[in-house]
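Comments concern the structure below.
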Amino acid sequence: MDDVDLDDDVDPDLALAWSIARTTVSFHDVARLSAGPVGVHATWRRGQRCPGVVVDRNHPPRVQVRVVATRPEVVVGLGDRVRSRLRADFGDRIGVLDVHVADVVVDPVDQPALDGTVGG
Amino acid sequence: MATTTDTKTTSTSTSSNASVEPSSGGSSLASTDGGTTTIDRAVVSKIASIAVREVDGVHHLGGAISGAVASVVKRIRGDEHGTAGVGVEVGTRQAAVDITMVAEYPVPLQELTRSVRDNVTSRIESLTGLEVVEVNIVVTDLFFPGDENEQADGTSPRVE
């Protein structure tokens, strides 16, 4: 993920989006964020862009995070775990928080079976 | 890559009137004041694709032509998890799956489709929390052992 220097000139929504993005991708079940097939799911401010996190300051404030799961067996409950983590870190700053599991990584070489075992 | 000159089509499918609650491209599993959780159909498609391939007797997903195309794509990309042959409709809490596949001969097709249906349902429900209301399966062709060898040289004479 591209890094952004969060200086005073950065829009607060974009700064919040980048902070949410960093926290989300640090979650061990999240492989990366997804901006969607055409990249529209992002926060855009002043020519800068945070893909995969949409900060909407309308009322009520709403944040959407689009994640790619690391493997199929972590998909169930992933939204709740991500939401709990972000709530703990950001509290009321993010208002309503929607989590969308946009995709899942499946390793084509060393395919993990769906029960969590590897190989076979 | 397997192609056949003969058309051996067997079709078995179940069809019910079950309908999936509409949704806009994803499934909403939790909706609270704090927000919703949705799962994209791409996730469900991949899980279904893997679940089908886990069943013995399934040669490949998709029809004969799409199987050939998928084989080429697989060689180029090294991707074995394309979702060709799998169609998914997802709703707020439910999903419906359409599967097109080629079976190995002489696997009993009723048992095969039952196994595929059970495995797909089990995997999707356990891994996503969605209720699977419908799994429609179409077996478009049979794969005979030796088909690939005949295709490899491409010069098999009709008579000796």
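If you're wondering about the labels, chains in the structure tokens are A, B, ... by order shown, residues count from 1 in each chain, ligands from 1 in order shown.
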
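Residues from chain B that have an atom within 6 Å of chain A, counting only C-alpha atoms, are Gly34, Gly35, Thr36, Thr37, Thr38, Ile39, Asp40, Ala42, Val43, Asp79, Glu80, Leu127 and Thr128 of chain B.
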
For the selection just defined, write its residues with C-alpha atoms to a file, as a PDB file, in the first residue's frame.
```pdb
ATOM      1  CA  GLY B  34     -23.142  -0.065  13.921  1.00  0.00           C
ATOM      2  CA  GLY B  35     -23.103  -1.153  10.283  1.00  0.00           C
ATOM      3  CA  THR B  36     -23.495  -4.144   8.010  1.00  0.00           C
ATOM      4  CA  THR B  37     -21.292  -6.984   6.879  1.00  0.00           C
ATOM      5  CA  THR B  38     -21.597  -8.110   3.279  1.00  0.00           C
ATOM      6  CA  ILE B  39     -19.898 -10.858   1.296  1.00  0.00           C
ATOM      7  CA  ASP B  40     -19.269 -10.422  -2.402  1.00  0.00           C
ATOM      8  CA  ALA B  42     -16.838 -13.508  -5.953  1.00  0.00           C
ATOM      9  CA  VAL B  43     -16.106 -14.998  -2.547  1.00  0.00           C
ATOM     10  CA  ASP B  79      -4.505 -20.005 -11.768  1.00  0.00           C
ATOM     11  CA  GLU B  80      -6.398 -23.117 -10.859  1.00  0.00           C
ATOM     12  CA  LEU B 127     -17.633 -20.599   5.559  1.00  0.00           C
ATOM     13  CA  THR B 128     -19.920 -17.660   4.862  1.00  0.00           C
TER      14      THR B 128
END
```

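Proximity to Phe143 in chain B at 7 Å, evaluated using only C-alpha atoms and with sequence-adjacent residues fewer than 6 positions away removed, yields His59, Val102, Ala103, Glu104 and Tyr105 of chain B.
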
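Atom pair CA of Thr43 in chain A / CA of His28 in chain A: separated by 23.2 Å.
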
Fill in the blank from the handout: Restricting to only C-alpha atoms, whichever of A:Ser26, A:Arg81, A:Leu86, A:Trp18 is closest to Pro51 in chain A is A:Trp18
